[in-house]
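Visitor: One structure is given below, represented as structure tokens, and several questions about it will come after.
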Amino acid sequence: MKFLKPILAILAGYVAIKFGIPYVGSLVHPGTWPVVPTSVLKMYMAFVTLGIVMAYTFDEEGYAGLIGPIEDIYSNPSKAIVRYVVVLLVGTFGAYITYEYVKPTFDAPIELRSVHPAPPSNAKMWGKTYQIQTIQNPYREDKENFAKNLEEGGIVYYKNCFFCHGDRMLGRGHYAVGFNPRPANFVDVGTIAQLTESFVFWRIGTGGPGLPSEGTPWLSAMPVWHNLISEEEAWKVILFLYDYTGHSPRVTTKVEH
Amino acid sequence: MSDTGKNMKPGIIAGRILLLLAVTIVFTLSPSIAATGNVENGGKLYAKKCWWCHGKEGEADGPAADFMIPPPRDFSEGVYKFKTADPKAEIVRDEDLFRAIKHGMPGSAMPSWGEIFKDPEIWDLVAFIKSLTDMFEDMDNPAEISYAGKIPSSAESIEKGRKAFEAAKCFECHGQAGKGNTIKKLKEDSGAKLWPRNLTKPWTFRSDYTPEAIFARVSNGIPSTPMPSFAGEKTEKGKLSLEDRWHVVNYVMSLKDDSSKTKDGDIVVRGIQMVELPKDENDPAWDKASATAFFLVPQIIEKDRFFTPTNNLVKVRALFNDSEVAFLVEWDDRTKSVPGDDAAAAIAWGDLTPDALAIETPVVLPTASEKPYFGHGDASHPVSMMYWNSGSVESPNGTMLLTTTGTGNREKSDATAAGFSATGSYKDGTWRVMMKRKLTANADTDTSFETGRYIPIAFANWDGSNGEVGSKHTLTSWYWLLLKPETGNAVVVLPGLAFLLLVGGQLLFAGFLSKGRQSNKS
């Protein structure tokens, strides 16, 4: 029964990719079930199978253990019936795989995009050129007017952002479903929680079209906000994003050049 | 009798009793939690999460209020739409407010708060909202409407329901086929623009898609809107008997159309090869192509943004042959907007302009992932746009073939050379528009529709009775079109070949090994 273990291991790999990954995804983003696309699944399964076969045939004994029974089936005169069954099964399986490849499908191609590409060193917004590394939120330290600025930021958010990023900042505004990529979920630890305020300011100012090509600027519906709101409003809405979600902006330790 | 009781350990028994007690306590307590929701705490939560839409004093004047349709509820009025109280009661039940807050109102901007607030916090919010008006003063929570007399659905009941739908004139607002294609201009009591529900899309129902919820709707009407209460006796004009109300419920439940729903991950328009293309949009040959549904979202990205759309979905099919490709686009639209039509002008909000549709594809098919900026492309990536509109009463079907390089930059291209034509017809609340053109044309300004290749495709839509002109319209982001050439024999031949090769190979291998065995023995 040398066979059983590797086969079980491959099956376990399949279950993990087919159901495990969506399950983990559903925990991270409740209400979703992010399935692995079939083509990616096939690729992963090829790796898993290869890895497991390699692991099990690593030494002489393992090799013999795996190959011995195969040789036996194909050559032992007393196993003729098993042999023909195996021959037919393997043939049918091959035909099925080939069919899967040539049958007409309309599976969408996979598009990869980098969610947080490196920003350019400077960017033009509101008619000025900003050094993205060095800009800071002018309202962050203004403790005296903090509450007022925060509320003004909230007003900017509910006049401009909530229909995409959502009333609760979960990226599920009432129009979010119509966009691909989906609007960012600010509550999630994977977005503003790991970004500096200057990066967020650049993303808001230049929107989707401001992304470098690895960020697929042609797909993002994120508007170019320097055309639509003022610079002050952009900084205030950033205050609000962090306050509402309870995250704090990442602070960069200053790098000397 | 089972013997589980006998064998149970005392600890387990005690545990079960405790559990039972807890459940009983929770059940008996919940109404009183409702009654005693903490107004002060509700106010705090409201000031953090709700005022942005509903306004600081609940007067529906928060900063977001102008950017949505329907507008948020005005709590100072104390009138609520989705009421399950007895039709005689003047006020809504606490449970109705609780449900709206906890589960949200699909099809509107009102989100479901159940993921954020615990039930007691939601009861606090209910108490606070009720305190914003004097409507609830000295009033007890009214009794729930009686669901007695419920009739199970059957073909017969649905047919009776259809007749009741006629008799009660539901169709005047909801349309013969239930798609909300009204013949009246409707307003909320506040004066806000209001469109009746498309009953074939229950996922846009604000309340639940259950017989009970719809029964409550028909019996209570929708307060603060023109949808009246139908509860009454057969003899009363405009009313429906208890029995007929349950039949109409079964009829409404039967209208659901799942083909008008997007499916997760289904983002490719399936182009099917045919010898002869359909001659117009109503040709039954279209049934051979399967439809893919895409969400429409309003243009909220560039200047002159638009926040109050009506249409929310297009269904697209494609067929092609050696020389041409044809598209059929269907969408539910509550109004047939054709300038010159007085009846249409009477129910339009703003000037009546034509309904319109555009299909966009890149002029240069992308080789890597890079595409034109979605929508209208950009200076270095032009987009070809097939445009149709409903024209006017005198000359229906306006068509144009355009090349755009960014918003506002567009030029007409040679529609005759591209063999471009488009026609549309409207029936029972749905437009069907067919667009047809040659597969290849002028390579500088037009898309060449290569078969077997994934082609980015996007759509734009205008409802001319809803003030949608120019940049004010709905759109989709990039999806895909695949004109799949017929696979022919390959689907059969290749797997067959694989089978023969594998079987032959194995037999050879087996022969080889047996020879080895024999020579080893000897």
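Following the order of the structure tokens, first chain is A, next is B, and so on, with residues numbered from 1 inside each chain and ligands from 1 in the order they appear.
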Quick one: DSSP strand (DSSP E or B) residues in segment 96-154 of chain A, as a list in words?

Guide: Asn122, Ala123, Lys124, Met125, Lys128, Thr129, Tyr130 and Gln131 of chain A

Visitor: Just to be explicit: take each residue in the selection above, keep N, CA and C atoms, and write the result as a PDB file, in the first residue's frame.

Guide:
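This went into out.pdb:
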```
ATOM      1  N   ASN A 122       8.061  61.680  -7.861  1.00  0.00           N
ATOM      2  CA  ASN A 122       7.237  62.875  -7.733  1.00  0.00           C
ATOM      3  C   ASN A 122       6.031  62.781  -8.646  1.00  0.00           C
ATOM      4  N   ALA A 123       5.015  63.581  -8.334  1.00  0.00           N
ATOM      5  CA  ALA A 123       3.788  63.529  -9.121  1.00  0.00           C
ATOM      6  C   ALA A 123       3.183  64.916  -9.213  1.00  0.00           C
ATOM      7  N   LYS A 124       2.530  65.166 -10.334  1.00  0.00           N
ATOM      8  CA  LYS A 124       1.872  66.459 -10.526  1.00  0.00           C
ATOM      9  C   LYS A 124       0.405  66.363 -10.143  1.00  0.00           C
ATOM     10  N   MET A 125       0.005  67.180  -9.172  1.00  0.00           N
ATOM     11  CA  MET A 125      -1.397  67.216  -8.756  1.00  0.00           C
ATOM     12  C   MET A 125      -1.719  68.650  -8.395  1.00  0.00           C
ATOM     13  N   LYS A 128       0.708  71.432  -9.102  1.00  0.00           N
ATOM     14  CA  LYS A 128       2.024  71.539  -8.471  1.00  0.00           C
ATOM     15  C   LYS A 128       2.738  70.204  -8.586  1.00  0.00           C
ATOM     16  N   THR A 129       4.065  70.201  -8.363  1.00  0.00           N
ATOM     17  CA  THR A 129       4.782  68.942  -8.347  1.00  0.00           C
ATOM     18  C   THR A 129       5.139  68.592  -6.902  1.00  0.00           C
ATOM     19  N   TYR A 130       4.763  67.405  -6.480  1.00  0.00           N
ATOM     20  CA  TYR A 130       5.029  66.979  -5.104  1.00  0.00           C
ATOM     21  C   TYR A 130       6.126  65.926  -5.087  1.00  0.00           C
ATOM     22  N   GLN A 131       7.040  66.008  -4.097  1.00  0.00           N
ATOM     23  CA  GLN A 131       7.977  64.921  -3.830  1.00  0.00           C
ATOM     24  C   GLN A 131       7.231  63.940  -2.926  1.00  0.00           C
TER      25      GLN A 131
END
```

Visitor: Set out as JSON lines a contact list for chain A and chain B with a cut-off of 6 Å, giving each residue of chain A that qualifies its closest atom pair and distance in Å to one decimal, counting only C-alpha atoms, ordered by chain and rising residue number.

Guide:
```
{"residue": "A:Tyr74", "atom": "CA", "partner": "B:Ala510", "partner_atom": "CA", "distance": 4.8}
{"residue": "A:Ser75", "atom": "CA", "partner": "B:Ser514", "partner_atom": "CA", "distance": 4.7}
{"residue": "A:Val87", "atom": "CA", "partner": "B:Val503", "partner_atom": "CA", "distance": 5.8}
{"residue": "A:Gly91", "atom": "CA", "partner": "B:Phe499", "partner_atom": "CA", "distance": 4.5}
{"residue": "A:Thr92", "atom": "CA", "partner": "B:Phe499", "partner_atom": "CA", "distance": 6.0}
{"residue": "A:Ala95", "atom": "CA", "partner": "B:Pro495", "partner_atom": "CA", "distance": 4.2}
{"residue": "A:Thr98", "atom": "CA", "partner": "B:Pro495", "partner_atom": "CA", "distance": 5.2}
{"residue": "A:Tyr99", "atom": "CA", "partner": "B:Pro495", "partner_atom": "CA", "distance": 5.4}
{"residue": "A:Val102", "atom": "CA", "partner": "B:Val491", "partner_atom": "CA", "distance": 5.8}
{"residue": "A:Lys103", "atom": "CA", "partner": "B:Val491", "partner_atom": "CA", "distance": 5.8}
{"residue": "A:Ile155", "atom": "CA", "partner": "B:Pro63", "partner_atom": "CA", "distance": 5.8}
{"residue": "A:Tyr158", "atom": "CA", "partner": "B:Ala64", "partner_atom": "CA", "distance": 4.8}
{"residue": "A:Lys159", "atom": "CA", "partner": "B:Ala64", "partner_atom": "CA", "distance": 5.0}
{"residue": "A:His174", "atom": "CA", "partner": "B:Ala109", "partner_atom": "CA", "distance": 5.7}
{"residue": "A:Tyr175", "atom": "CA", "partner": "B:Val297", "partner_atom": "CA", "distance": 6.0}
{"residue": "A:Gly178", "atom": "CA", "partner": "B:Phe295", "partner_atom": "CA", "distance": 5.2}
{"residue": "A:Phe179", "atom": "CA", "partner": "B:Ser477", "partner_atom": "CA", "distance": 6.0}
{"residue": "A:Trp218", "atom": "CA", "partner": "B:Tyr373", "partner_atom": "CA", "distance": 3.9}
{"residue": "A:Leu219", "atom": "CA", "partner": "B:Phe374", "partner_atom": "CA", "distance": 5.9}
{"residue": "A:Pro223", "atom": "CA", "partner": "B:Ile301", "partner_atom": "CA", "distance": 4.9}
```

Visitor: Got a sec: who's within 12 Å of Ala148 of chain B, counting only C-alpha atoms, leaving out chain neighbours fewer than 3 positions off, as a list in words?

Guide: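 Result of the neighbour search: Glu144, Ile145, Ile151, Pro152, Glu212, Phe215, Ala216, Leu242, Glu243, Arg245 and Trp246 of chain B.
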
Visitor: Env of Asp124 of chain B: 6 Å cut, atoms = only C-alpha atoms, seq-sep filter 3 positions within chain, self excluded. Answer as an NGL selection string.

Guide: :B and (37-39 or 42 or 121 or 127)

Visitor: With only C-alpha atoms as the counted atoms, please give the residues lying no more than 7 Å from segment 205-215 of chain A, apart from itself and same-chain residues fewer than 5 positions off, as a ChimeraX atom specification.

Guide: /A:113-115,117,125,220-226

Visitor: Emit the selected residues as a JSON list (two decimals), in the first residue's frame, including all heavy atoms.

Guide:
```json
[["chain", "number", "residue", "atom", "x", "y", "z"],
["A", 113, "ARG", "N", -2.56, 42.06, -11.10],
["A", 113, "ARG", "CA", -2.20, 43.46, -10.90],
["A", 113, "ARG", "C", -1.55, 43.62, -9.54],
["A", 113, "ARG", "O", -1.87, 42.92, -8.60],
["A", 113, "ARG", "CB", -3.41, 44.38, -11.06],
["A", 113, "ARG", "CG", -4.39, 44.46, -9.93],
["A", 113, "ARG", "CD", -5.54, 45.41, -10.29],
["A", 113, "ARG", "NE", -5.23, 46.80, -10.05],
["A", 113, "ARG", "CZ", -5.40, 47.41, -8.89],
["A", 113, "ARG", "NH1", -5.80, 46.76, -7.84],
["A", 113, "ARG", "NH2", -5.11, 48.70, -8.76],
["A", 114, "SER", "N", -0.60, 44.55, -9.49],
["A", 114, "SER", "CA", 0.06, 44.82, -8.23],
["A", 114, "SER", "C", -0.78, 45.86, -7.49],
["A", 114, "SER", "O", -1.07, 46.93, -8.02],
["A", 114, "SER", "CB", 1.47, 45.31, -8.52],
["A", 114, "SER", "OG", 1.91, 46.09, -7.46],
["A", 115, "VAL", "N", -1.21, 45.51, -6.27],
["A", 115, "VAL", "CA", -2.14, 46.38, -5.56],
["A", 115, "VAL", "C", -1.44, 47.64, -5.04],
["A", 115, "VAL", "O", -1.98, 48.74, -5.09],
["A", 115, "VAL", "CB", -2.81, 45.62, -4.39],
["A", 115, "VAL", "CG1", -3.79, 46.52, -3.66],
["A", 115, "VAL", "CG2", -3.54, 44.40, -4.93],
["A", 117, "PRO", "N", 1.85, 49.21, -6.00],
["A", 117, "PRO", "CA", 3.12, 49.37, -6.70],
["A", 117, "PRO", "C", 3.90, 50.54, -6.10],
["A", 117, "PRO", "O", 3.32, 51.40, -5.42],
["A", 117, "PRO", "CB", 2.68, 49.69, -8.13],
["A", 117, "PRO", "CG", 1.32, 50.27, -8.00],
["A", 117, "PRO", "CD", 0.70, 49.65, -6.79],
["A", 125, "MET", "N", 0.01, 67.18, -9.17],
["A", 125, "MET", "CA", -1.40, 67.22, -8.76],
["A", 125, "MET", "C", -1.72, 68.65, -8.39],
["A", 125, "MET", "O", -0.85, 69.38, -7.92],
["A", 125, "MET", "CB", -1.62, 66.35, -7.50],
["A", 125, "MET", "CG", -1.08, 64.94, -7.61],
["A", 125, "MET", "SD", -1.33, 64.01, -6.07],
["A", 125, "MET", "CE", 0.29, 64.00, -5.34],
["A", 220, "SER", "N", -8.57, 50.55, -13.27],
["A", 220, "SER", "CA", -9.06, 51.09, -12.00],
["A", 220, "SER", "C", -10.05, 52.22, -12.21],
["A", 220, "SER", "O", -9.80, 53.16, -12.96],
["A", 220, "SER", "CB", -7.90, 51.58, -11.16],
["A", 220, "SER", "OG", -8.40, 52.32, -10.07],
["A", 221, "ALA", "N", -11.19, 52.13, -11.51],
["A", 221, "ALA", "CA", -12.22, 53.18, -11.60],
["A", 221, "ALA", "C", -11.97, 54.29, -10.60],
["A", 221, "ALA", "O", -12.73, 55.24, -10.52],
["A", 221, "ALA", "CB", -13.59, 52.57, -11.34],
["A", 222, "MET", "N", -10.89, 54.18, -9.80],
["A", 222, "MET", "CA", -10.61, 55.19, -8.79],
["A", 222, "MET", "C", -10.42, 56.54, -9.50],
["A", 222, "MET", "O", -9.53, 56.68, -10.34],
["A", 222, "MET", "CB", -9.37, 54.76, -8.02],
["A", 222, "MET", "CG", -8.82, 55.78, -7.09],
["A", 222, "MET", "SD", -9.85, 56.07, -5.64],
["A", 222, "MET", "CE", -8.78, 57.26, -4.81],
["A", 223, "PRO", "N", -11.28, 57.52, -9.21],
["A", 223, "PRO", "CA", -11.20, 58.79, -9.93],
["A", 223, "PRO", "C", -9.91, 59.56, -9.64],
["A", 223, "PRO", "O", -9.23, 59.32, -8.65],
["A", 223, "PRO", "CB", -12.41, 59.58, -9.39],
["A", 223, "PRO", "CG", -13.33, 58.55, -8.84],
["A", 223, "PRO", "CD", -12.44, 57.46, -8.31],
["A", 224, "VAL", "N", -9.60, 60.48, -10.54],
["A", 224, "VAL", "CA", -8.43, 61.35, -10.37],
["A", 224, "VAL", "C", -8.92, 62.55, -9.54],
["A", 224, "VAL", "O", -9.49, 63.50, -10.07],
["A", 224, "VAL", "CB", -7.93, 61.83, -11.75],
["A", 224, "VAL", "CG1", -6.69, 62.70, -11.59],
["A", 224, "VAL", "CG2", -7.66, 60.64, -12.65],
["A", 225, "TRP", "N", -8.70, 62.48, -8.22],
["A", 225, "TRP", "CA", -9.38, 63.43, -7.35],
["A", 225, "TRP", "C", -8.84, 64.85, -7.43],
["A", 225, "TRP", "O", -9.51, 65.79, -7.03],
["A", 225, "TRP", "CB", -9.40, 62.93, -5.90],
["A", 225, "TRP", "CG", -10.37, 61.80, -5.79],
["A", 225, "TRP", "CD1", -10.07, 60.48, -5.70],
["A", 225, "TRP", "CD2", -11.79, 61.89, -5.85],
["A", 225, "TRP", "NE1", -11.23, 59.74, -5.69],
["A", 225, "TRP", "CE2", -12.29, 60.58, -5.78],
["A", 225, "TRP", "CE3", -12.70, 62.95, -5.97],
["A", 225, "TRP", "CZ2", -13.66, 60.30, -5.82],
["A", 225, "TRP", "CZ3", -14.05, 62.68, -5.99],
["A", 225, "TRP", "CH2", -14.52, 61.36, -5.92],
["A", 226, "HIS", "N", -7.60, 65.05, -7.94],
["A", 226, "HIS", "CA", -7.15, 66.44, -7.98],
["A", 226, "HIS", "C", -7.96, 67.25, -8.99],
["A", 226, "HIS", "O", -7.97, 68.47, -8.94],
["A", 226, "HIS", "CB", -5.62, 66.54, -8.20],
["A", 226, "HIS", "CG", -5.16, 66.35, -9.61],
["A", 226, "HIS", "ND1", -5.16, 67.36, -10.52],
["A", 226, "HIS", "CD2", -4.67, 65.27, -10.24],
["A", 226, "HIS", "CE1", -4.69, 66.90, -11.68],
["A", 226, "HIS", "NE2", -4.40, 65.63, -11.53]]
```

Visitor: Find the spatial neighbours of Thr49 of chain A, counting only C-alpha atoms, within a cut-off of 9 Å - ignore same-chain residues fewer than 6 positions away - and output them as a list in words.

Guide: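 The residues satisfying every condition are Pro6, Ile7, Ala9, Ile10 and Gly13 of chain A.
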
Visitor: For the selection just defined, write its residues with N, CA, C and O atoms to a file, as a PDB file, in the first residue's frame.

Guide:
```pdb
ATOM      1  N   PRO A   6       0.991   8.707  -1.081  1.00  0.00           N
ATOM      2  CA  PRO A   6       1.115   9.829  -2.032  1.00  0.00           C
ATOM      3  C   PRO A   6      -0.230  10.229  -2.629  1.00  0.00           C
ATOM      4  O   PRO A   6      -0.507  11.426  -2.794  1.00  0.00           O
ATOM      5  N   ILE A   7      -1.102   9.259  -2.882  1.00  0.00           N
ATOM      6  CA  ILE A   7      -2.392   9.619  -3.479  1.00  0.00           C
ATOM      7  C   ILE A   7      -3.216  10.453  -2.506  1.00  0.00           C
ATOM      8  O   ILE A   7      -3.796  11.481  -2.860  1.00  0.00           O
ATOM      9  N   ALA A   9      -1.998  12.292  -0.207  1.00  0.00           N
ATOM     10  CA  ALA A   9      -1.348  13.603  -0.092  1.00  0.00           C
ATOM     11  C   ALA A   9      -1.790  14.512  -1.241  1.00  0.00           C
ATOM     12  O   ALA A   9      -2.082  15.697  -1.043  1.00  0.00           O
ATOM     13  N   ILE A  10      -1.867  13.932  -2.451  1.00  0.00           N
ATOM     14  CA  ILE A  10      -2.289  14.741  -3.599  1.00  0.00           C
ATOM     15  C   ILE A  10      -3.732  15.189  -3.416  1.00  0.00           C
ATOM     16  O   ILE A  10      -4.078  16.352  -3.635  1.00  0.00           O
ATOM     17  N   GLY A  13      -3.912  17.995  -1.069  1.00  0.00           N
ATOM     18  CA  GLY A  13      -3.507  19.239  -1.737  1.00  0.00           C
ATOM     19  C   GLY A  13      -4.669  19.832  -2.523  1.00  0.00           C
ATOM     20  O   GLY A  13      -4.923  21.037  -2.463  1.00  0.00           O
TER      21      GLY A  13
END
```

Visitor: What's around segment 184-190 of chain A at 8 Å? Count only C-alpha atoms, leave out sequence neighbours fewer than 2 positions away in its own chain, and write the answer as an MDAnalysis selection string.

Guide: chainID A and resid 28:29 165 169:172 182 192:194 241 245 247

Visitor: Could you please take those selected residues and save C-alpha atoms as a JSON list (two decimals), in the first residue's frame?

Guide:
```json
[["chain", "number", "residue", "atom", "x", "y", "z"],
["A", 28, "VAL", "CA", -10.43, 37.63, 5.78],
["A", 29, "HIS", "CA", -13.28, 39.15, 3.73],
["A", 165, "HIS", "CA", -15.76, 52.41, -0.83],
["A", 169, "MET", "CA", -15.52, 51.60, 4.41],
["A", 170, "LEU", "CA", -15.67, 47.90, 3.64],
["A", 171, "GLY", "CA", -15.24, 48.52, -0.09],
["A", 172, "ARG", "CA", -18.86, 47.55, -0.63],
["A", 182, "ARG", "CA", -13.24, 46.31, -6.62],
["A", 192, "ILE", "CA", -4.42, 52.03, 4.35],
["A", 193, "ALA", "CA", -3.25, 50.29, 7.54],
["A", 194, "GLN", "CA", 0.01, 49.44, 5.82],
["A", 241, "LEU", "CA", -10.26, 57.28, 6.72],
["A", 245, "THR", "CA", -11.38, 52.52, 10.68],
["A", 247, "HIS", "CA", -6.04, 52.26, 11.85]]
```

Visitor: Which residue, B:Ala348, B:Ala289, B:Leu277, B:Leu357, has the smallest gap to Lys438 of chain B when you use only C-alpha atoms?

Guide: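 Among B:Ala348, B:Ala289, B:Leu277, B:Leu357, it is B:Leu277 that comes nearest to Lys438 of chain B.
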
Visitor: Could you work out how far atom CA of Asn397 of chain B lies from atom CA of Trp462 of chain B, giving the answer in Å with one decimal?

Guide: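 Those two atoms sit 14.1 Å apart.
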